[in-house]
Every structure is written in C-alpha cells, then in structure tokens.
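Visitor: Sharing start34.pdb here; it has PDB, C-alpha atoms, pLDDT in the B column.
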ATOM      1  CA  MET Y   1     177.189  10.150  61.611  1.00 86.00           C
ATOM      2  CA  THR Y   2     173.729   9.069  62.785  1.00 85.00           C
ATOM      3  CA  PRO Y   3     172.117   5.775  61.768  1.00 82.00           C
ATOM      4  CA  PHE Y   4     168.706   6.936  60.558  1.00 80.00           C
ATOM      5  CA  SER Y   5     166.707   3.832  61.492  1.00 80.00           C
ATOM      6  CA  LEU Y   6     167.901   3.971  65.103  1.00 82.00           C
ATOM      7  CA  TRP Y   7     167.350   7.718  65.321  1.00 81.00           C
ATOM      8  CA  GLU Y   8     163.823   7.300  63.918  1.00 78.00           C
ATOM      9  CA  VAL Y   9     162.891   4.650  66.494  1.00 78.00           C
ATOM     10  CA  GLY Y  10     164.351   6.664  69.370  1.00 75.00           C
ATOM     11  CA  GLN Y  11     162.892   9.982  68.218  1.00 74.00           C
ATOM     12  CA  ASN Y  12     159.445   8.972  67.027  1.00 68.00           C
ATOM     13  CA  LEU Y  13     158.576   5.998  69.217  1.00 70.00           C
ATOM     14  CA  ALA Y  14     160.538   6.195  72.452  1.00 71.00           C
ATOM     15  CA  HIS Y  15     160.842   9.962  72.795  1.00 71.00           C
ATOM     16  CA  HIS Y  16     157.844  11.558  71.066  1.00 71.00           C
ATOM     17  CA  GLY Y  17     155.611   8.620  71.891  1.00 72.00           C
ATOM     18  CA  PHE Y  18     156.192   9.262  75.604  1.00 77.00           C
ATOM     19  CA  THR Y  19     157.681  12.767  75.820  1.00 79.00           C
ATOM     20  CA  ASN Y  20     158.653  13.589  79.414  1.00 80.00           C
ATOM     21  CA  LEU Y  21     157.122  10.477  80.964  1.00 80.00           C
ATOM     22  CA  LYS Y  22     159.755   9.293  83.440  1.00 83.00           C
ATOM     23  CA  GLY Y  23     160.736   5.708  82.849  1.00 80.00           C
ATOM     24  CA  ARG Y  24     159.797   5.832  79.155  1.00 79.00           C
ATOM     25  CA  ASP Y  25     161.439   8.997  77.825  1.00 79.00           C
ATOM     26  CA  TYR Y  26     165.180   8.906  78.370  1.00 80.00           C
ATOM     27  CA  VAL Y  27     166.190  12.384  77.153  1.00 82.00           C
ATOM     28  CA  TRP Y  28     167.438  14.636  79.985  1.00 83.00           C
ATOM     29  CA  THR Y  29     165.229  12.951  82.560  1.00 84.00           C
ATOM     30  CA  PRO Y  30     165.347  15.077  85.709  1.00 85.00           C
ATOM     31  CA  TYR Y  31     166.160  13.675  89.129  1.00 86.00           C
ATOM     32  CA  SER Y  32     164.470  14.611  92.368  1.00 86.00           C
ATOM     33  CA  PRO Y  33     166.937  15.458  95.144  1.00 92.00           C
ATOM     34  CA  SER Y  34     166.424  12.002  96.680  1.00 94.00           C
ATOM     35  CA  GLU Y  35     166.871  10.253  93.306  1.00 92.00           C
ATOM     36  CA  PHE Y  36     170.063  12.197  92.686  1.00 94.00           C
ATOM     37  CA  ALA Y  37     171.391  11.345  96.163  1.00 96.00           C
ATOM     38  CA  ARG Y  38     170.834   7.621  95.467  1.00 96.00           C
ATOM     39  CA  LEU Y  39     172.921   7.715  92.277  1.00 95.00           C
ATOM     40  CA  PRO Y  40     176.429   6.241  92.495  1.00 96.00           C
ATOM     41  CA  TRP Y  41     179.101   8.874  93.131  1.00 97.00           C
ATOM     42  CA  MET Y  42     180.524   8.557  89.594  1.00 96.00           C
ATOM     43  CA  ARG Y  43     177.102   9.017  88.007  1.00 95.00           C
ATOM     44  CA  ARG Y  44     176.447  12.148  90.093  1.00 95.00           C
ATOM     45  CA  GLN Y  45     179.755  13.603  88.885  1.00 95.00           C
ATOM     46  CA  LEU Y  46     178.870  12.721  85.295  1.00 94.00           C
ATOM     47  CA  GLU Y  47     175.469  14.423  85.645  1.00 92.00           C
ATOM     48  CA  HIS Y  48     177.224  17.588  86.878  1.00 92.00           C
ATOM     49  CA  ILE Y  49     179.480  17.492  83.806  1.00 93.00           C
ATOM     50  CA  TYR Y  50     176.545  16.864  81.458  1.00 93.00           C
ATOM     51  CA  ARG Y  51     174.711  19.925  82.757  1.00 87.00           C
ATOM     52  CA  SER Y  52     177.719  22.235  82.389  1.00 85.00           C
ATOM     53  CA  GLY Y  53     178.757  24.396  79.392  1.00 78.00           C
ATOM     54  CA  VAL Y  54     180.081  21.916  76.817  1.00 78.00           C
ATOM     55  CA  GLY Y  55     178.829  19.006  78.903  1.00 91.00           C
ATOM     56  CA  GLN Y  56     175.627  18.985  76.871  1.00 91.00           C
ATOM     57  CA  GLY Y  57     177.687  17.891  73.868  1.00 92.00           C
ATOM     58  CA  VAL Y  58     179.384  15.209  75.953  1.00 93.00           C
ATOM     59  CA  TYR Y  59     175.916  14.065  77.111  1.00 93.00           C
ATOM     60  CA  TYR Y  60     174.631  13.761  73.554  1.00 92.00           C
ATOM     61  CA  MET Y  61     177.777  12.012  72.346  1.00 92.00           C
ATOM     62  CA  VAL Y  62     177.821   9.460  75.188  1.00 92.00           C
ATOM     63  CA  GLU Y  63     174.211   8.968  76.273  1.00 90.00           C
ATOM     64  CA  MET Y  64     172.519   9.369  72.906  1.00 88.00           C
ATOM     65  CA  TRP Y  65     174.934   8.766  70.035  1.00 89.00           C
ATOM     66  CA  TRP Y  66     177.226   6.126  71.547  1.00 90.00           C
ATOM     67  CA  LYS Y  67     174.714   4.214  73.675  1.00 88.00           C
ATOM     68  CA  LYS Y  68     171.582   4.435  71.519  1.00 84.00           C
ATOM     69  CA  LEU Y  69     172.591   5.252  67.954  1.00 86.00           C
ATOM     70  CA  PHE Y  70     175.919   3.625  67.066  1.00 86.00           C
ATOM     71  CA  PHE Y  71     175.755  -0.184  67.350  1.00 82.00           C
ATOM     72  CA  PRO Y  72     173.696   0.020  70.566  1.00 81.00           C
ATOM     73  CA  GLY Y  73     173.577  -2.894  72.981  1.00 79.00           C
ATOM     74  CA  ARG Y  74     170.361  -4.680  73.941  1.00 78.00           C
ATOM     75  CA  LYS Y  75     170.251  -2.714  77.188  1.00 76.00           C
ATOM     76  CA  HIS Y  76     169.582   0.476  75.217  1.00 74.00           C
ATOM     77  CA  VAL Y  77     167.696  -0.807  72.157  1.00 74.00           C
ATOM     78  CA  THR Y  78     165.804  -4.010  72.887  1.00 73.00           C
ATOM     79  CA  THR Y  79     164.262  -4.519  69.444  1.00 78.00           C
ATOM     80  CA  ARG Y  80     166.833  -5.504  66.824  1.00 78.00           C
ATOM     81  CA  ARG Y  81     166.180  -4.870  63.159  1.00 83.00           C
ATOM     82  CA  THR Y  82     168.382  -5.566  60.191  1.00 86.00           C
ATOM     83  CA  SER Y  83     168.083  -1.906  59.187  1.00 85.00           C
ATOM     84  CA  HIS Y  84     169.680  -0.860  62.508  1.00 82.00           C
ATOM     85  CA  LEU Y  85     172.737  -2.971  61.820  1.00 85.00           C
ATOM     86  CA  ILE Y  86     172.983  -1.901  58.177  1.00 88.00           C
ATOM     87  CA  ASP Y  87     172.663   1.781  59.106  1.00 87.00           C
ATOM     88  CA  SER Y  88     175.320   1.429  61.834  1.00 89.00           C
ATOM     89  CA  PHE Y  89     177.695  -0.200  59.344  1.00 92.00           C
ATOM     90  CA  LEU Y  90     176.986   2.573  56.821  1.00 92.00           C
ATOM     91  CA  VAL Y  91     177.832   5.221  59.420  1.00 92.00           C
ATOM     92  CA  ALA Y  92     180.983   3.350  60.445  1.00 94.00           C
ATOM     93  CA  GLY Y  93     181.973   3.007  56.785  1.00 95.00           C
ATOM     94  CA  PHE Y  94     181.388   6.713  56.198  1.00 95.00           C
ATOM     95  CA  ALA Y  95     183.568   7.538  59.234  1.00 95.00           C
ATOM     96  CA  VAL Y  96     186.339   5.282  57.913  1.00 97.00           C
ATOM     97  CA  LEU Y  97     186.153   6.953  54.494  1.00 97.00           C
ATOM     98  CA  TRP Y  98     186.099  10.429  56.058  1.00 96.00           C
ATOM     99  CA  ILE Y  99     189.091   9.700  58.287  1.00 97.00           C
ATOM    100  CA  GLY Y 100     190.866   7.838  55.477  1.00 97.00           C
ATOM    101  CA  GLY Y 101     190.362  10.804  53.171  1.00 97.00           C
ATOM    102  CA  LEU Y 102     191.894  13.138  55.744  1.00 97.00           C
ATOM    103  CA  VAL Y 103     194.862  10.810  56.228  1.00 97.00           C
ATOM    104  CA  ALA Y 104     195.332  10.581  52.442  1.00 97.00           C
ATOM    105  CA  LEU Y 105     195.118  14.365  52.137  1.00 96.00           C
ATOM    106  CA  GLY Y 106     197.764  14.757  54.837  1.00 96.00           C
ATOM    107  CA  THR Y 107     200.005  12.124  53.281  1.00 96.00           C
ATOM    108  CA  TYR Y 108     199.893  13.559  49.779  1.00 95.00           C
ATOM    109  CA  SER Y 109     199.882  17.238  50.704  1.00 95.00           C
ATOM    110  CA  GLY Y 110     202.495  17.117  53.428  1.00 92.00           C
ATOM    111  CA  ARG Y 111     200.070  18.612  55.964  1.00 93.00           C
ATOM    112  CA  SER Y 112     199.914  17.381  59.524  1.00 95.00           C
ATOM    113  CA  ILE Y 113     197.688  14.303  59.624  1.00 96.00           C
ATOM    114  CA  TRP Y 114     196.921  14.916  63.300  1.00 96.00           C
ATOM    115  CA  SER Y 115     195.801  18.487  62.607  1.00 96.00           C
ATOM    116  CA  LEU Y 116     193.612  17.310  59.762  1.00 96.00           C
ATOM    117  CA  LEU Y 117     192.051  14.601  61.953  1.00 97.00           C
ATOM    118  CA  ILE Y 118     191.466  17.001  64.821  1.00 97.00           C
ATOM    119  CA  PHE Y 119     190.108  19.927  62.784  1.00 97.00           C
ATOM    120  CA  GLY Y 120     188.621  17.933  59.907  1.00 96.00           C
ATOM    121  CA  PHE Y 121     186.896  15.196  61.907  1.00 97.00           C
ATOM    122  CA  ALA Y 122     187.000  15.480  65.712  1.00 96.00           C
ATOM    123  CA  VAL Y 123     186.081  19.175  66.015  1.00 96.00           C
ATOM    124  CA  PRO Y 124     183.150  19.059  63.528  1.00 95.00           C
ATOM    125  CA  PHE Y 125     181.851  15.863  65.127  1.00 95.00           C
ATOM    126  CA  PHE Y 126     182.111  17.356  68.628  1.00 93.00           C
ATOM    127  CA  LEU Y 127     180.482  20.646  67.519  1.00 91.00           C
ATOM    128  CA  TRP Y 128     177.579  18.680  66.025  1.00 91.00           C
ATOM    129  CA  ASN Y 129     177.165  16.828  69.326  1.00 92.00           C
ATOM    130  CA  CYS Y 130     177.329  20.139  71.225  1.00 90.00           C
ATOM    131  CA  LEU Y 131     174.639  21.670  69.009  1.00 87.00           C
ATOM    132  CA  MET Y 132     172.361  18.649  69.375  1.00 87.00           C
ATOM    133  CA  GLY Y 133     173.024  18.426  73.106  1.00 89.00           C
ATOM    134  CA  PHE Y 134     172.273  22.127  73.588  1.00 86.00           C
ATOM    135  CA  VAL Y 135     169.049  22.081  71.569  1.00 82.00           C
ATOM    136  CA  ILE Y 136     167.774  19.004  73.374  1.00 83.00           C
ATOM    137  CA  TYR Y 137     168.873  20.367  76.748  1.00 85.00           C
ATOM    138  CA  VAL Y 138     167.008  23.667  76.416  1.00 80.00           C
ATOM    139  CA  GLN Y 139     163.906  21.906  75.125  1.00 78.00           C
ATOM    140  CA  HIS Y 140     163.741  19.428  78.001  1.00 79.00           C
ATOM    141  CA  THR Y 141     165.049  21.275  81.036  1.00 80.00           C
ATOM    142  CA  HIS Y 142     163.187  24.574  80.805  1.00 77.00           C
ATOM    143  CA  PRO Y 143     161.339  25.331  84.068  1.00 76.00           C
ATOM    144  CA  ARG Y 144     157.988  25.380  82.209  1.00 76.00           C
ATOM    145  CA  VAL Y 145     158.480  21.850  80.889  1.00 79.00           C
ATOM    146  CA  ALA Y 146     156.465  19.324  82.861  1.00 79.00           C
ATOM    147  CA  TRP Y 147     157.745  15.818  83.611  1.00 82.00           C
ATOM    148  CA  TYR Y 148     155.367  13.112  84.785  1.00 82.00           C
ATOM    149  CA  GLU Y 149     155.944  10.126  87.054  1.00 84.00           C
ATOM    150  CA  ARG Y 150     152.791   8.199  86.135  1.00 84.00           C
ATOM    151  CA  ARG Y 151     151.330   7.446  82.719  1.00 84.00           C
ATOM    152  CA  ASP Y 152     147.757   8.228  83.781  1.00 83.00           C
ATOM    153  CA  GLU Y 153     148.858  11.659  85.028  1.00 80.00           C
ATOM    154  CA  TRP Y 154     150.804  12.223  81.787  1.00 76.00           C
ATOM    155  CA  SER Y 155     147.805  11.202  79.644  1.00 77.00           C
ATOM    156  CA  ALA Y 156     145.339  13.297  81.659  1.00 75.00           C
ATOM    157  CA  ASN Y 157     147.500  16.390  81.223  1.00 70.00           C
ATOM    158  CA  ALA Y 158     148.000  15.923  77.476  1.00 62.00           C
ATOM    159  CA  GLY Y 159     151.707  15.293  77.999  1.00 54.00           C
ATOM    160  CA  TYR Y 160     152.582  16.271  74.459  1.00 57.00           C
ATOM    161  CA  ALA Y 161     151.236  19.798  75.039  1.00 60.00           C
ATOM    162  CA  THR Y 162     152.923  20.470  78.391  1.00 64.00           C
ATOM    163  CA  THR Y 163     156.314  18.995  77.611  1.00 65.00           C
ATOM    164  CA  THR Y 164     157.683  21.416  75.079  1.00 67.00           C
ATOM    165  CA  VAL Y 165     158.774  25.024  74.814  1.00 71.00           C
ATOM    166  CA  HIS Y 166     159.421  27.240  71.824  1.00 70.00           C
ATOM    167  CA  ILE Y 167     163.001  28.476  71.854  1.00 70.00           C
ATOM    168  CA  LYS Y 168     163.940  31.569  69.876  1.00 71.00           C
ATOM    169  CA  LEU Y 169     167.647  32.220  69.563  1.00 70.00           C
ATOM    170  CA  MET Y 170     169.410  35.372  68.407  1.00 70.00           C
ATOM    171  CA  ARG Y 171     169.011  35.857  64.669  1.00 72.00           C
ATOM    172  CA  PRO Y 172     172.409  34.547  63.504  1.00 71.00           C
ATOM    173  CA  LEU Y 173     172.123  31.404  65.654  1.00 68.00           C
ATOM    174  CA  ASP Y 174     168.473  30.850  64.839  1.00 67.00           C
ATOM    175  CA  GLY Y 175     169.318  31.071  61.141  1.00 66.00           C
ATOM    176  CA  LEU Y 176     172.015  28.445  61.469  1.00 65.00           C
ATOM    177  CA  ILE Y 177     169.619  25.832  62.804  1.00 63.00           C
ATOM    178  CA  SER Y 178     166.364  26.898  61.180  1.00 62.00           C
ATOM    179  CA  LEU Y 179     165.131  26.453  57.645  1.00 56.00           C
ATOM    180  CA  HIS Y 180     162.395  29.023  58.119  1.00 51.00           C
ATOM    181  CA  PRO Y 181     162.911  31.963  55.705  1.00 53.00           C
ATOM    182  CA  ARG Y 182     162.332  34.593  58.421  1.00 52.00           C
ATOM    183  CA  ALA Y 183     165.233  33.171  60.418  1.00 46.00           C
ATOM    184  CA  TRP Y 184     167.493  34.151  57.527  1.00 48.00           C
ATOM    185  CA  GLY Y 185     166.014  37.634  57.214  1.00 52.00           C
ATOM    186  CA  ARG Y 186     163.775  36.741  54.232  1.00 47.00           C
ATOM    187  CA  THR Y 187     160.008  37.148  54.418  1.00 45.00           C
ATOM    188  CA  THR Y 188     158.806  34.907  51.585  1.00 43.00           C
TER
END
Could you write out this file's structure as structure tokens?

Guide:
Amino acid sequence: MTPFSLWEVGQNLAHHGFTNLKGRDYVWTPYSPSEFARLPWMRRQLEHIYRSGVGQGVYYMVEMWWKKLFFPGRKHVTTRRTSHLIDSFLVAGFAVLWIGGLVALGTYSGRSIWSLLIFGFAVPFFLWNCLMGFVIYVQHTHPRVAWYERRDEWSANAGYATTTVHIKLMRPLDGLISLHPRAWGRTT
C-alpha cells in the first residue's frame, strides 16, 4: 500500500539526506516547550494522541502515508514526477482489487462483507501502520538521538552518526521484523 517512488524520495532524500535536522527532516520532529505551546490547540491534542500507545500507527497513517505517500499535495511533495502519480494509481488499484476481492468472497460465500473488510483489509492495514509508526518512533525519539536546529551544527557533528540508535526487541518480535538469521534463532 506504499507507492515506492514517493517512499524512496522521502526516505532517501528528505529523511536520510537530512536525518534529524529540524526544518528538513519531518519524521517525529521534536518540539521545544515553547514551540509546543505555540501550536494550535487541535495540533497539540493530535501530538498527544500520536505519542500514545496506538497513536504511533495513527501518526504514520496520517502524517506519512496519507500526506506524503498516497497522492500527496504540493505542500508535502513539491517535486512532481510521473512515477509518483503512476505508483499512487497502482496502489489505489491494488486497494480496489483487494477490497473488491473481499466483497466478492463475502458475496459468494455468504460471509459477512463487513467482517471481511474489517479483518481482511482495515485491521492488516492499521497493524502495518502501527508497526511502521512504532519502529520510526523508537528510532527518532530515543533520548540519545540528537536533533539539530542549524545545518552547520548538524554537519559539524556528523548528523548521520548521532541521529540513530540500534533497537533490539525481544526475540519473537525481532524475528518478525528482521531478516537476519540470528533473529530467527539460526546462526548461518
């Protein structure tokens, strides 16, 4: 459900090109107390939700997937490429086929279409967003992760080296998101 060309631009150019440089990197940018106080009331409430339990999935779904990856507006992706539009249409077409397949299954099998849509589409899509939101959240909000206000300060401190942490999850969870053989209990 992610247009690859838009993900690639956001991940490799915007994010990794300027990891944790405020104003350039948009992933979980922290607010100082004064910056937070200046936010509109609704945005402050939304930030509280985003930083709660399942709020990380809501954050990824709204702030990343909806605004930057699925037919994004010029406000969020200023450079337009044909590949972005094609990829967005491919994702939309896949979603239509996925949902249509669930509706057809419900129609022909006599199963509840709503249950199939909820458990066959909405829940997996939301769980994916929760996983992505969680992984990104723990990578970018750890107390050891440095964020920089100015580019010269970021460059002088080798921003790429001070803006990441290595997260090790419990073995079953680590194995679910890792392709490394040791995560699955193999030592090849």

Visitor: When you draw a straight line from atom CA of Phe121 of chain Y to atom CA of Phe94 of chain Y, how long is it in Å?

Guide: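 Between these atoms lies a distance of 11.6 Å.
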
Visitor: Could you name the residues that touch His140 of chain Y at 12 Å or less, counting all atoms listed in the file, but leaving out those on the same chain fewer than 3 positions away, as a PyMOL selection string?

Guide: chain Y and resi 15+19-21+25-30+51+56+133-137+143-147+162-167

Visitor: Write the residues you've just listed into a file as an mmCIF file, keeping the file's coordinate frame, and include C-alpha atoms for each of them.

Guide:
data_model
loop_
_atom_site.group_PDB
_atom_site.id
_atom_site.type_symbol
_atom_site.label_atom_id
_atom_site.label_comp_id
_atom_site.auth_asym_id
_atom_site.auth_seq_id
_atom_site.Cartn_x
_atom_site.Cartn_y
_atom_site.Cartn_z
ATOM 1 C CA HIS Y 15 160.842 9.962 72.795
ATOM 2 C CA THR Y 19 157.681 12.767 75.820
ATOM 3 C CA ASN Y 20 158.653 13.589 79.414
ATOM 4 C CA LEU Y 21 157.122 10.477 80.964
ATOM 5 C CA ASP Y 25 161.439 8.997 77.825
ATOM 6 C CA TYR Y 26 165.180 8.906 78.370
ATOM 7 C CA VAL Y 27 166.190 12.384 77.153
ATOM 8 C CA TRP Y 28 167.438 14.636 79.985
ATOM 9 C CA THR Y 29 165.229 12.951 82.560
ATOM 10 C CA PRO Y 30 165.347 15.077 85.709
ATOM 11 C CA ARG Y 51 174.711 19.925 82.757
ATOM 12 C CA GLN Y 56 175.627 18.985 76.871
ATOM 13 C CA GLY Y 133 173.024 18.426 73.106
ATOM 14 C CA PHE Y 134 172.273 22.127 73.588
ATOM 15 C CA VAL Y 135 169.049 22.081 71.569
ATOM 16 C CA ILE Y 136 167.774 19.004 73.374
ATOM 17 C CA TYR Y 137 168.873 20.367 76.748
ATOM 18 C CA PRO Y 143 161.339 25.331 84.068
ATOM 19 C CA ARG Y 144 157.988 25.380 82.209
ATOM 20 C CA VAL Y 145 158.480 21.850 80.889
ATOM 21 C CA ALA Y 146 156.465 19.324 82.861
ATOM 22 C CA TRP Y 147 157.745 15.818 83.611
ATOM 23 C CA THR Y 162 152.923 20.470 78.391
ATOM 24 C CA THR Y 163 156.314 18.995 77.611
ATOM 25 C CA THR Y 164 157.683 21.416 75.079
ATOM 26 C CA VAL Y 165 158.774 25.024 74.814
ATOM 27 C CA HIS Y 166 159.421 27.240 71.824
ATOM 28 C CA ILE Y 167 163.001 28.476 71.854
#

Visitor: Report, in Å to a single decimal, how far apart atom CA of Trp154 of chain Y and atom CA of Lys22 of chain Y are.

Guide: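 Spanning atom CA of Lys22 of chain Y to atom CA of Trp154 of chain Y is a straight-line distance of 9.6 Å.
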
Visitor: Rounded to one decimal place, report the atom CA of Glu63 of chain Y-atom CA of Gly23 of chain Y distance in Å.

Guide: 15.3 Å

Visitor: Between Y:Phe18, Y:Phe126, Y:Tyr108, Y:Tyr148, which has the minimum distance to Tyr31 of chain Y (counting all atoms listed in the file)?

Guide: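 Of Y:Phe18, Y:Phe126, Y:Tyr108, Y:Tyr148, the one nearest Tyr31 of chain Y, counting all atoms listed in the file, is Y:Tyr148.
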
Visitor: Taking all atoms listed in the file into account, name the residue in Y:Pro72, Y:Gly93, Y:Gly120, Y:Gly53 that is nearest to Trp7 of chain Y.

Guide: Y:Pro72

Visitor: Using the chain letters and numbers from the file, give me the residues hit by the PyMOL selection byres ((chain Y and resi 3) around 6), as a PDB file with C-alpha atoms, in the coordinates of the input.

Guide:
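Below is the file expr-v9.pdb, written as the result:
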ATOM      1  CA  THR Y   2     173.729   9.069  62.785  1.00 85.00           C
ATOM      2  CA  PHE Y   4     168.706   6.936  60.558  1.00 80.00           C
ATOM      3  CA  SER Y   5     166.707   3.832  61.492  1.00 80.00           C
ATOM      4  CA  LEU Y   6     167.901   3.971  65.103  1.00 82.00           C
ATOM      5  CA  ASP Y  87     172.663   1.781  59.106  1.00 87.00           C
ATOM      6  CA  SER Y  88     175.320   1.429  61.834  1.00 89.00           C
TER       7      SER Y  88
END

Visitor: Looking at Y:Thr107, Y:Thr82, Y:Ser32, Y:Ser112, which one is nearest to Glu149 of chain Y, with distances taken over only C-alpha atoms?

Guide: Y:Ser32

Visitor: Per residue of segment 81-144 of chain Y within 9 Å of segment 65-71 of chain Y, record the nearest atom pair and its distance in Å to one decimal, counting all atoms listed in the file, with rows in chain order and ascending residue number, as JSON lines.

Guide:
{"residue": "Y:His84", "atom": "CA", "partner": "Y:Phe71", "partner_atom": "CA", "distance": 7.8}
{"residue": "Y:Leu85", "atom": "CA", "partner": "Y:Phe71", "partner_atom": "CA", "distance": 6.9}
{"residue": "Y:Asp87", "atom": "CA", "partner": "Y:Phe70", "partner_atom": "CA", "distance": 8.8}
{"residue": "Y:Ser88", "atom": "CA", "partner": "Y:Phe70", "partner_atom": "CA", "distance": 5.7}
{"residue": "Y:Phe89", "atom": "CA", "partner": "Y:Phe71", "partner_atom": "CA", "distance": 8.2}
{"residue": "Y:Val91", "atom": "CA", "partner": "Y:Phe70", "partner_atom": "CA", "distance": 8.0}
{"residue": "Y:Ala92", "atom": "CA", "partner": "Y:Phe70", "partner_atom": "CA", "distance": 8.3}
{"residue": "Y:Asn129", "atom": "CA", "partner": "Y:Trp65", "partner_atom": "CA", "distance": 8.4}

Visitor: First collect every listed atom of segment 109-116 of chain Y; then fit an axis-aligned box around them, widen it by 5 Å on each side, and give centre and edge lengths in Å to one decimal, as AutoDock Vina command-line options.

Guide:
--center_x 198.1 --center_y 16.5 --center_z 57.0 --size_x 18.9 --size_y 14.3 --size_z 22.6

Visitor: Residues within 10 Å of Trp128 of chain Y, please, as a ChimeraX atom specification. Count all atoms listed in the file; anything in the same chain fewer than 3 positions from it doesn't count.

Guide: /Y:1,57,60-61,122-125,131-134

Visitor: So, with all atoms listed in the file as the atoms that count, which of Y:His142, Y:Arg171, Y:His48, Y:His76 lies closest to Val9 of chain Y?

Guide: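 Looking at the shortest contact to Val9 of chain Y, the residue is Y:His76.
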